[in-house]
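Inspection log for the structure reproduced underneath, given as structure tokens.
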Amino acid sequence: MRNKTRLLIFALALAAFALRVYRLDFFSLRGDEAFTVIFVQRTWEGLWRGISTIEPNPPLMYLVLRVWVALAGASEFVTRYFSVFFGVACVPLLYRLAREIFASRVIALCAAALIAINPYQIWHAQDVRNYTMWPALSLLGLIFFWRWWSTERKQMTDDRRQTLRIEILDLGFFTLATLASLYTHYYDVFILVALNLFVFTFATLDRRWKTLARWVGAQMVLVALYAPWVLFGTNRITTYGEASAEQSVSLIEQLARTIAAFTLGDTMPAEFKSWLWMPLMLALAMILISLARQNRQRAAFIFLWLAIPSLCLWAISIGRPLFLERYLNGVAPAYTLAFACGIVAVWRHTKLRAASVLFFIGVSGLGLANYFFNPEYAKAPGWRELGQFIAARQQPGDVIVQNFNEMAPLYYRTGDIQVLTIPQGFFGTPADEKVLRQLNADYRRIWFIPALPGWWDPDQFVEKFLARNADRVLDTRVSDFRLQLYATPRELESKIIPVNARAGNATLVGYRVENIGNLHVVLYWRAVQPIDKDYSVFVHLSDASARVVAQQDRAPAFGLYSTTAWQPGESVIDAYDLQIDTSGKYSLIVGMYDPVTLARVPAFDSQGVRLPDDQIVLTQITVP
């Protein structure tokens, strides 16, 4: 029986490994992963300083990952494999914990099977963060806790010294594993609170004073070894508030989202999760009641393991953004173990037997199918493809600008091309504009990755600046992204043909024309005086009969910079594209007009003579 059980555990671990390594590097690293990989490649001194002042998690995972990256490399597969190891380790660890608590191979194997195929755990096992390392270390600590706790309750043997040595070793290993878990995620302290409530309650009820004394001693050791870091090693505990996290989420909503995530995963339709969280919660309550009837200590342990961390997180996230489901992933094995108990309990009922098993297999299968194959649930957008697109076209003198806070472009860049985030905050500032002006002067081309509308830089501060101060030579989509390329005046100033004509209070300093499949016309304006109306610019291509064969009319700078906003002395770059379908000789004509009345703005040549029809004829274009 023992050999058969070992084979089953090995098979479950192998299945867990296969699911966690499958398509491991298929998706690009998401932002937090990219940050982690870049972060751990700092010097040891820089890494330690960053952990203390930047990163909101304790140091252990970063220090261990730093060694792993130094030995194995920083590729997507290698860095994610670090998390795979701990994700697979959770399978035998949960089996062992279940065996310690329930002494039941069936419950233990069921729990191991559930965590092996759990979509939420597989998602995080393919994520370069600490959300598999934490539950693995926490489970290890809980195994030694139960070994110690059950040993204390056993009838003492004749060899009391040997028994005492075993108890002290188990408690010591518990302390070491828990300390490692605390140094992996701060919220592990909530699990420790649950354990303290459990021990103090039952040790007091059963008058096990020696047990309580040894436990208090272990807690004192934990405090002595952990408090210096919390008090002096970091300033992030009291100052941190995760921008992507949520605050003041009601307890009911938090519980609903947590049980749905840990049971069904994050790659399920939202309406499906909203239907199922309540039946799952009712099932969990019934399981705990059933366990309480069998053994109050086991039921109390699982209840406290589930409830206390959730209550603590709910309390600290009131008024402060500290809640996300994954911040409780150290507690996720408790849900798995509880539902394993439920499946085993109903196994004797023929009608429910198949339903309970098929439910978990079905939801896991659907969640994994969505995760691996449905683009709607992709872990990250196509950062890799975007980086490859830019790398194939980048030139000396290029820079990459993004208007949202994201580390993936830095990870996927090629060479030493600089990647900058502007604005530094949610909205643009004069300081950000100063940086953009410097970039426009120092670099020849600017690659720009715009944020999704309304997500960051909602006023399009960066795009508006670039549209009026540089020439947009590319505006395309790459994978999930919109990508623009701007040529700066430094790149193109030698190609500008001077004009120095005037339309109202704006001088057309010059222009540039390129035939790149369509006719790319770039106008270089300078405001002479304030302009009191929002004028449209017209760019027409006319034949010998003054018939317009191609045109583009709109507000300047792709409609992003109205003329009333122009400042005296300011230069504005204004680009247009004309599609020409027929060959011939044409005149390129520009000017301005009032879009309300359609009246043209008076136009003058460089000598101040008013031009016929208030239009500026730039050049003759021959289309073969």
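Note on naming: chains are A, B, ... as they come in the structure tokens, residues start from 1 per chain, ligands start from 1 in the order shown.
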
For A:Leu368: contacts at 9 Å, only C-alpha atoms, fewer than 4 positions along chain excluded, given as a short mmCIF file (atom, residue, chain, number, x, y, z; two decimals) with all heavy atoms, in the first residue's frame:
data_model
loop_
_atom_site.label_atom_id
_atom_site.label_comp_id
_atom_site.auth_asym_id
_atom_site.auth_seq_id
_atom_site.Cartn_x
_atom_site.Cartn_y
_atom_site.Cartn_z
N LEU A 19 1.64 20.16 -16.32
CA LEU A 19 0.71 21.27 -16.50
C LEU A 19 1.38 22.62 -16.26
O LEU A 19 1.03 23.62 -16.90
CB LEU A 19 -0.48 21.11 -15.55
CG LEU A 19 -1.47 19.99 -15.88
CD1 LEU A 19 -2.47 19.80 -14.75
CD2 LEU A 19 -2.20 20.28 -17.20
N ILE A 117 -4.19 20.14 -10.31
CA ILE A 117 -4.89 20.60 -11.52
C ILE A 117 -5.54 21.96 -11.33
O ILE A 117 -6.26 22.43 -12.22
CB ILE A 117 -5.96 19.57 -11.95
CG1 ILE A 117 -7.07 19.45 -10.87
CG2 ILE A 117 -5.34 18.21 -12.23
CD1 ILE A 117 -8.26 18.60 -11.30
N ASN A 118 -5.30 22.61 -10.22
CA ASN A 118 -5.96 23.88 -9.92
C ASN A 118 -5.49 24.99 -10.86
O ASN A 118 -4.29 25.30 -10.91
CB ASN A 118 -5.69 24.27 -8.46
CG ASN A 118 -6.44 25.52 -8.07
OD1 ASN A 118 -5.99 26.63 -8.31
ND2 ASN A 118 -7.60 25.34 -7.45
N PRO A 119 -6.39 25.61 -11.63
CA PRO A 119 -5.96 26.64 -12.60
C PRO A 119 -5.27 27.84 -11.95
O PRO A 119 -4.34 28.40 -12.53
CB PRO A 119 -7.28 27.05 -13.26
CG PRO A 119 -8.22 25.93 -13.02
CD PRO A 119 -7.83 25.35 -11.69
N TYR A 120 -5.75 28.22 -10.77
CA TYR A 120 -5.16 29.39 -10.11
C TYR A 120 -3.71 29.11 -9.73
O TYR A 120 -2.83 29.96 -9.92
CB TYR A 120 -5.97 29.74 -8.87
CG TYR A 120 -5.66 31.11 -8.30
CD1 TYR A 120 -6.25 32.24 -8.86
CD2 TYR A 120 -4.81 31.28 -7.22
CE1 TYR A 120 -6.00 33.51 -8.35
CE2 TYR A 120 -4.55 32.54 -6.70
CZ TYR A 120 -5.14 33.64 -7.27
OH TYR A 120 -4.87 34.90 -6.78
N ILE A 122 -1.73 26.87 -11.10
CA ILE A 122 -0.93 26.70 -12.32
C ILE A 122 -0.58 28.07 -12.90
O ILE A 122 0.55 28.30 -13.34
CB ILE A 122 -1.69 25.83 -13.33
CG1 ILE A 122 -1.77 24.39 -12.80
CG2 ILE A 122 -1.03 25.86 -14.70
CD1 ILE A 122 -2.71 23.49 -13.57
N TRP A 123 -1.53 28.99 -12.89
CA TRP A 123 -1.27 30.35 -13.38
C TRP A 123 -0.10 30.97 -12.62
O TRP A 123 0.82 31.53 -13.22
CB TRP A 123 -2.53 31.19 -13.20
CG TRP A 123 -2.57 32.49 -13.95
CD1 TRP A 123 -3.21 32.74 -15.12
CD2 TRP A 123 -1.97 33.74 -13.55
NE1 TRP A 123 -3.04 34.06 -15.49
CE2 TRP A 123 -2.28 34.70 -14.56
CE3 TRP A 123 -1.18 34.15 -12.48
CZ2 TRP A 123 -1.85 36.02 -14.49
CZ3 TRP A 123 -0.74 35.46 -12.42
CH2 TRP A 123 -1.08 36.39 -13.41
N GLY A 265 -10.28 29.60 -10.39
CA GLY A 265 -9.22 30.28 -11.13
C GLY A 265 -9.67 31.63 -11.64
O GLY A 265 -10.83 32.02 -11.53
N THR A 267 -9.28 32.46 -14.85
CA THR A 267 -9.49 32.36 -16.29
C THR A 267 -10.85 31.76 -16.60
O THR A 267 -11.00 30.95 -17.52
CB THR A 267 -8.37 31.53 -16.94
OG1 THR A 267 -8.30 30.26 -16.27
CG2 THR A 267 -7.04 32.23 -16.82
N MET A 268 -11.82 32.16 -15.81
CA MET A 268 -13.21 31.73 -16.01
C MET A 268 -14.07 32.95 -16.27
O MET A 268 -13.77 34.05 -15.80
CB MET A 268 -13.72 31.00 -14.76
CG MET A 268 -12.96 29.73 -14.41
SD MET A 268 -13.33 28.39 -15.54
CE MET A 268 -14.92 27.89 -14.92
N VAL A 363 -14.33 22.27 -14.10
CA VAL A 363 -13.96 23.68 -13.97
C VAL A 363 -12.46 23.87 -14.15
O VAL A 363 -12.00 24.88 -14.71
CB VAL A 363 -14.43 24.27 -12.61
CG1 VAL A 363 -15.94 24.24 -12.51
CG2 VAL A 363 -13.80 23.55 -11.43
N SER A 364 -11.67 22.90 -13.69
CA SER A 364 -10.22 23.00 -13.89
C SER A 364 -9.89 22.91 -15.38
O SER A 364 -9.06 23.68 -15.89
CB SER A 364 -9.49 21.90 -13.12
OG SER A 364 -9.67 22.06 -11.73
N PHE A 372 -4.61 28.64 -21.46
CA PHE A 372 -3.61 28.26 -22.45
C PHE A 372 -3.97 28.68 -23.87
O PHE A 372 -3.08 28.99 -24.67
CB PHE A 372 -3.39 26.74 -22.43
CG PHE A 372 -2.63 26.25 -21.22
CD1 PHE A 372 -3.14 25.22 -20.45
CD2 PHE A 372 -1.42 26.81 -20.87
CE1 PHE A 372 -2.43 24.75 -19.33
CE2 PHE A 372 -0.71 26.36 -19.76
CZ PHE A 372 -1.22 25.32 -19.00
N PHE A 373 -5.27 28.72 -24.20
CA PHE A 373 -5.63 28.85 -25.61
C PHE A 373 -6.56 30.01 -25.94
O PHE A 373 -6.70 30.35 -27.11
CB PHE A 373 -6.31 27.54 -26.08
CG PHE A 373 -5.48 26.32 -25.83
CD1 PHE A 373 -5.92 25.35 -24.94
CD2 PHE A 373 -4.27 26.13 -26.46
CE1 PHE A 373 -5.16 24.21 -24.69
CE2 PHE A 373 -3.51 25.00 -26.24
CZ PHE A 373 -3.95 24.03 -25.35
#

* Asked: Within 7 Å of A:Asp577, counting only C-alpha atoms, which residues qualify if same-chain residues fewer than 5 places away don't, as a VMD selection string?
  -> chain A and resid 518 to 521

What does the file look like for those residues with N, CA, C and O atoms, as a PDB file, in the first residue's frame?
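Output (part-v3.pdb):
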ATOM      1  N   ASN A 518       2.038  56.545 -50.189  1.00  0.00           N
ATOM      2  CA  ASN A 518       1.135  57.686 -50.295  1.00  0.00           C
ATOM      3  C   ASN A 518       2.011  58.936 -50.211  1.00  0.00           C
ATOM      4  O   ASN A 518       3.225  58.851 -50.059  1.00  0.00           O
ATOM      5  N   LEU A 519       1.400  60.090 -50.354  1.00  0.00           N
ATOM      6  CA  LEU A 519       2.155  61.334 -50.305  1.00  0.00           C
ATOM      7  C   LEU A 519       2.159  61.836 -48.859  1.00  0.00           C
ATOM      8  O   LEU A 519       1.114  62.195 -48.318  1.00  0.00           O
ATOM      9  N   HIS A 520       3.326  61.819 -48.244  1.00  0.00           N
ATOM     10  CA  HIS A 520       3.471  62.240 -46.845  1.00  0.00           C
ATOM     11  C   HIS A 520       3.947  63.688 -46.839  1.00  0.00           C
ATOM     12  O   HIS A 520       5.070  63.993 -47.273  1.00  0.00           O
ATOM     13  N   VAL A 521       3.086  64.576 -46.362  1.00  0.00           N
ATOM     14  CA  VAL A 521       3.370  66.006 -46.351  1.00  0.00           C
ATOM     15  C   VAL A 521       3.483  66.481 -44.911  1.00  0.00           C
ATOM     16  O   VAL A 521       2.574  66.246 -44.111  1.00  0.00           O
TER      17      VAL A 521
END

* Asked: Which residues come within 9 Å of stretch 398-402 of chain A, counting only C-alpha atoms, excluding same-chain residues fewer than 3 positions away, as number ranges by chain?
  -> A: 394-395, 405-406, 409, 417-423, 439, 443-451, 462

* Got a sec to tell me which of stretch 121-343 of chain A DSSP assigns to alpha helix (DSSP H), as an NGL selection string? -> :A and (121-125 or 133-153 or 160-182 or 188-205 or 209-228 or 236-239 or 251-264 or 270-294 or 296-316 or 332-343)

Keeping only C-alpha atoms, write the selected residues as a short mmCIF file (atom, residue, chain, number, x, y, z; two decimals), in the first residue's frame.
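Contents of the output file result29.cif:
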data_model
loop_
_atom_site.label_atom_id
_atom_site.label_comp_id
_atom_site.auth_asym_id
_atom_site.auth_seq_id
_atom_site.Cartn_x
_atom_site.Cartn_y
_atom_site.Cartn_z
CA GLN A 121 -2.08 27.59 -8.80
CA ILE A 122 -0.93 26.70 -12.32
CA TRP A 123 -1.27 30.35 -13.38
CA HIS A 124 0.94 31.48 -10.50
CA ALA A 125 3.37 28.61 -10.98
CA MET A 133 7.11 29.97 -2.94
CA TRP A 134 4.96 31.37 -0.15
CA PRO A 135 2.34 28.56 0.05
CA ALA A 136 5.08 25.93 -0.36
CA LEU A 137 7.03 27.24 2.62
CA SER A 138 3.84 27.81 4.59
CA LEU A 139 2.75 24.20 3.99
CA LEU A 140 6.16 22.98 5.09
CA GLY A 141 5.81 24.91 8.34
CA LEU A 142 2.29 23.60 8.93
CA ILE A 143 3.48 20.01 8.45
CA PHE A 144 6.00 20.40 11.24
CA PHE A 145 3.41 22.22 13.32
CA TRP A 146 1.04 19.28 13.14
CA ARG A 147 3.82 16.79 13.76
CA TRP A 148 4.65 18.72 16.91
CA TRP A 149 1.03 19.24 17.94
CA SER A 150 0.02 15.61 17.46
CA THR A 151 3.17 14.42 19.23
CA GLU A 152 2.31 16.55 22.23
CA ARG A 153 -1.11 14.92 22.42
CA ARG A 160 10.53 10.45 27.38
CA ARG A 161 13.82 12.06 26.40
CA GLN A 162 13.57 10.70 22.86
CA THR A 163 9.99 11.93 22.57
CA LEU A 164 11.00 15.36 23.85
CA ARG A 165 13.84 15.55 21.35
CA ILE A 166 11.42 14.77 18.51
CA GLU A 167 8.99 17.42 19.74
CA ILE A 168 11.72 20.04 20.00
CA LEU A 169 13.02 19.16 16.53
CA ASP A 170 9.55 19.43 15.01
CA LEU A 171 8.92 22.74 16.71
CA GLY A 172 12.35 23.96 15.63
CA PHE A 173 11.76 22.99 12.01
CA PHE A 174 8.36 24.65 12.19
CA THR A 175 10.02 27.83 13.40
CA LEU A 176 12.60 27.79 10.59
CA ALA A 177 10.03 27.07 7.86
CA THR A 178 7.65 29.70 9.19
CA LEU A 179 10.45 32.22 9.40
CA ALA A 180 11.29 31.53 5.75
CA SER A 181 7.60 31.92 4.87
CA LEU A 182 7.42 35.23 6.74
CA ASP A 188 2.05 34.94 6.33
CA VAL A 189 1.83 36.61 9.71
CA PHE A 190 -1.96 36.23 9.44
CA ILE A 191 -1.56 32.44 9.22
CA LEU A 192 0.64 32.64 12.29
CA VAL A 193 -2.11 34.56 14.09
CA ALA A 194 -4.52 31.73 13.24
CA LEU A 195 -2.09 29.16 14.63
CA ASN A 196 -1.69 31.12 17.83
CA LEU A 197 -5.44 31.29 18.33
CA PHE A 198 -5.62 27.55 17.75
CA VAL A 199 -2.80 26.66 20.15
CA PHE A 200 -3.80 29.07 22.92
CA THR A 201 -7.42 27.94 22.74
CA PHE A 202 -6.92 24.20 22.81
CA ALA A 203 -3.83 24.14 24.99
CA THR A 204 -5.74 26.15 27.59
CA LEU A 205 -8.93 24.08 27.30
CA TRP A 209 0.68 24.12 29.96
CA LYS A 210 3.96 22.61 28.81
CA THR A 211 2.70 22.63 25.25
CA LEU A 212 1.73 26.28 25.61
CA ALA A 213 5.09 27.19 27.18
CA ARG A 214 7.04 25.59 24.34
CA TRP A 215 4.83 27.33 21.81
CA VAL A 216 5.37 30.71 23.45
CA GLY A 217 9.11 30.06 23.35
CA ALA A 218 8.94 29.37 19.62
CA GLN A 219 6.97 32.57 19.06
CA MET A 220 9.58 34.55 20.97
CA VAL A 221 12.26 33.13 18.69
CA LEU A 222 10.22 34.09 15.61
CA VAL A 223 9.73 37.62 16.91
CA ALA A 224 13.42 37.97 17.72
CA LEU A 225 14.43 36.85 14.23
CA TYR A 226 11.75 38.74 12.29
CA ALA A 227 11.24 41.98 14.20
CA PRO A 228 14.60 43.54 13.23
CA ARG A 236 7.51 49.60 3.03
CA ILE A 237 5.18 48.04 5.59
CA THR A 238 3.77 51.34 6.83
CA THR A 239 4.01 53.29 3.56
CA LEU A 251 -16.00 41.23 3.69
CA ILE A 252 -18.67 39.35 1.75
CA GLU A 253 -17.26 40.46 -1.59
CA GLN A 254 -13.75 39.60 -0.49
CA LEU A 255 -14.78 36.11 0.58
CA ALA A 256 -16.79 35.59 -2.62
CA ARG A 257 -13.91 36.63 -4.84
CA THR A 258 -11.38 34.63 -2.87
CA ILE A 259 -13.27 31.33 -2.89
CA ALA A 260 -14.11 31.77 -6.59
CA ALA A 261 -10.49 32.53 -7.51
CA PHE A 262 -8.92 29.74 -5.45
CA THR A 263 -11.45 27.15 -6.60
CA LEU A 264 -12.22 28.16 -10.18
CA ALA A 270 -17.00 36.48 -14.57
CA GLU A 271 -20.67 35.52 -14.69
CA PHE A 272 -19.75 31.88 -14.13
CA LYS A 273 -17.83 32.82 -10.99
CA SER A 274 -20.65 35.06 -9.79
CA TRP A 275 -23.08 32.12 -10.02
CA LEU A 276 -20.89 29.61 -8.25
CA TRP A 277 -19.30 31.44 -5.33
CA MET A 278 -22.38 31.10 -3.12
CA PRO A 279 -22.87 27.33 -3.68
CA LEU A 280 -19.15 26.91 -3.05
CA MET A 281 -19.40 28.92 0.18
CA LEU A 282 -22.40 26.89 1.34
CA ALA A 283 -20.56 23.66 0.53
CA LEU A 284 -17.56 24.87 2.49
CA ALA A 285 -19.73 25.69 5.50
CA MET A 286 -21.32 22.24 5.38
CA ILE A 287 -17.87 20.63 5.18
CA LEU A 288 -16.66 22.54 8.25
CA ILE A 289 -19.79 21.59 10.19
CA SER A 290 -19.31 17.95 9.25
CA LEU A 291 -15.66 18.08 10.31
CA ALA A 292 -16.61 19.71 13.62
CA ARG A 293 -18.91 16.80 14.39
CA GLN A 294 -16.05 14.37 13.83
CA ARG A 296 -13.44 19.80 16.78
CA GLN A 297 -9.70 20.46 16.65
CA ARG A 298 -9.34 19.59 12.97
CA ALA A 299 -12.40 21.64 12.09
CA ALA A 300 -11.19 24.57 14.19
CA PHE A 301 -7.75 24.44 12.60
CA ILE A 302 -9.08 24.56 9.05
CA PHE A 303 -11.66 27.20 9.93
CA LEU A 304 -9.06 29.46 11.55
CA TRP A 305 -6.64 28.85 8.66
CA LEU A 306 -9.35 30.01 6.28
CA ALA A 307 -11.01 32.77 8.27
CA ILE A 308 -8.34 34.66 10.21
CA PRO A 309 -6.14 35.73 7.24
CA SER A 310 -9.23 36.87 5.34
CA LEU A 311 -10.49 38.88 8.30
CA CYS A 312 -7.07 40.43 8.86
CA LEU A 313 -6.70 41.42 5.22
CA TRP A 314 -10.20 42.85 5.18
CA ALA A 315 -9.40 44.94 8.26
CA ILE A 316 -6.09 46.37 7.03
CA ALA A 332 -5.41 28.72 -0.87
CA PRO A 333 -4.32 25.16 0.17
CA ALA A 334 -6.83 25.38 3.04
CA TYR A 335 -9.68 25.67 0.53
CA THR A 336 -8.25 22.76 -1.44
CA LEU A 337 -7.95 20.59 1.66
CA ALA A 338 -11.47 21.45 2.83
CA PHE A 339 -13.00 20.55 -0.53
CA ALA A 340 -10.99 17.33 -0.61
CA CYS A 341 -12.63 16.43 2.72
CA GLY A 342 -16.01 17.22 1.17
CA ILE A 343 -15.41 15.03 -1.87
#

* Asked: Taking only C-alpha atoms into account, which of A:Phe82, A:Tyr22, A:Tyr535, A:Tyr371 comes nearest A:Leu65?
  ->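 The closest residue to A:Leu65 is A:Phe82.
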
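Restricting the calculation to only C-alpha atoms, the smallest distance between A:Val509 and any of A:Pro602, A:Gly559, A:Gly415, A:Gly569 is found for A:Gly569.
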
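Of the listed residues (A:Glu570, A:Ala550, A:Gly397, A:Tyr183), A:Gly397 comes nearest to A:Ala487; the distances count only C-alpha atoms.
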
* Asked: Which residue, A:Thr563, A:Asn515, A:Glu45, A:Lys533, has the smallest gap to A:Ile580 when you use only C-alpha atoms?
  ->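 Comparing A:Thr563, A:Asn515, A:Glu45, A:Lys533 against A:Ile580, the winner is A:Asn515.
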
* Show which residues sit within 8 Å of A:Val478, as a list in words. Count only C-alpha atoms, and ignore same-chain residues fewer than 6 positions away. => Glu385, Leu386 and Phe389 of chain A

Same residues, C-alpha atoms, saved as a PDB file, in the first residue's frame:
ATOM      1  CA  GLU A 385       6.369  40.710 -30.379  1.00  0.00           C
ATOM      2  CA  LEU A 386       6.437  44.463 -29.765  1.00  0.00           C
ATOM      3  CA  PHE A 389       9.215  44.684 -34.067  1.00  0.00           C
TER       4      PHE A 389
END

* **Test item, strand (DSSP E or B) assignment across stretch 401-598 of chain A, answer as an MDAnalysis selection string** => chainID A and resid 401:402 419:421 445:449 471:478 481:487 497:503 506:515 519:527 536:542 548:554 571:578 584:593
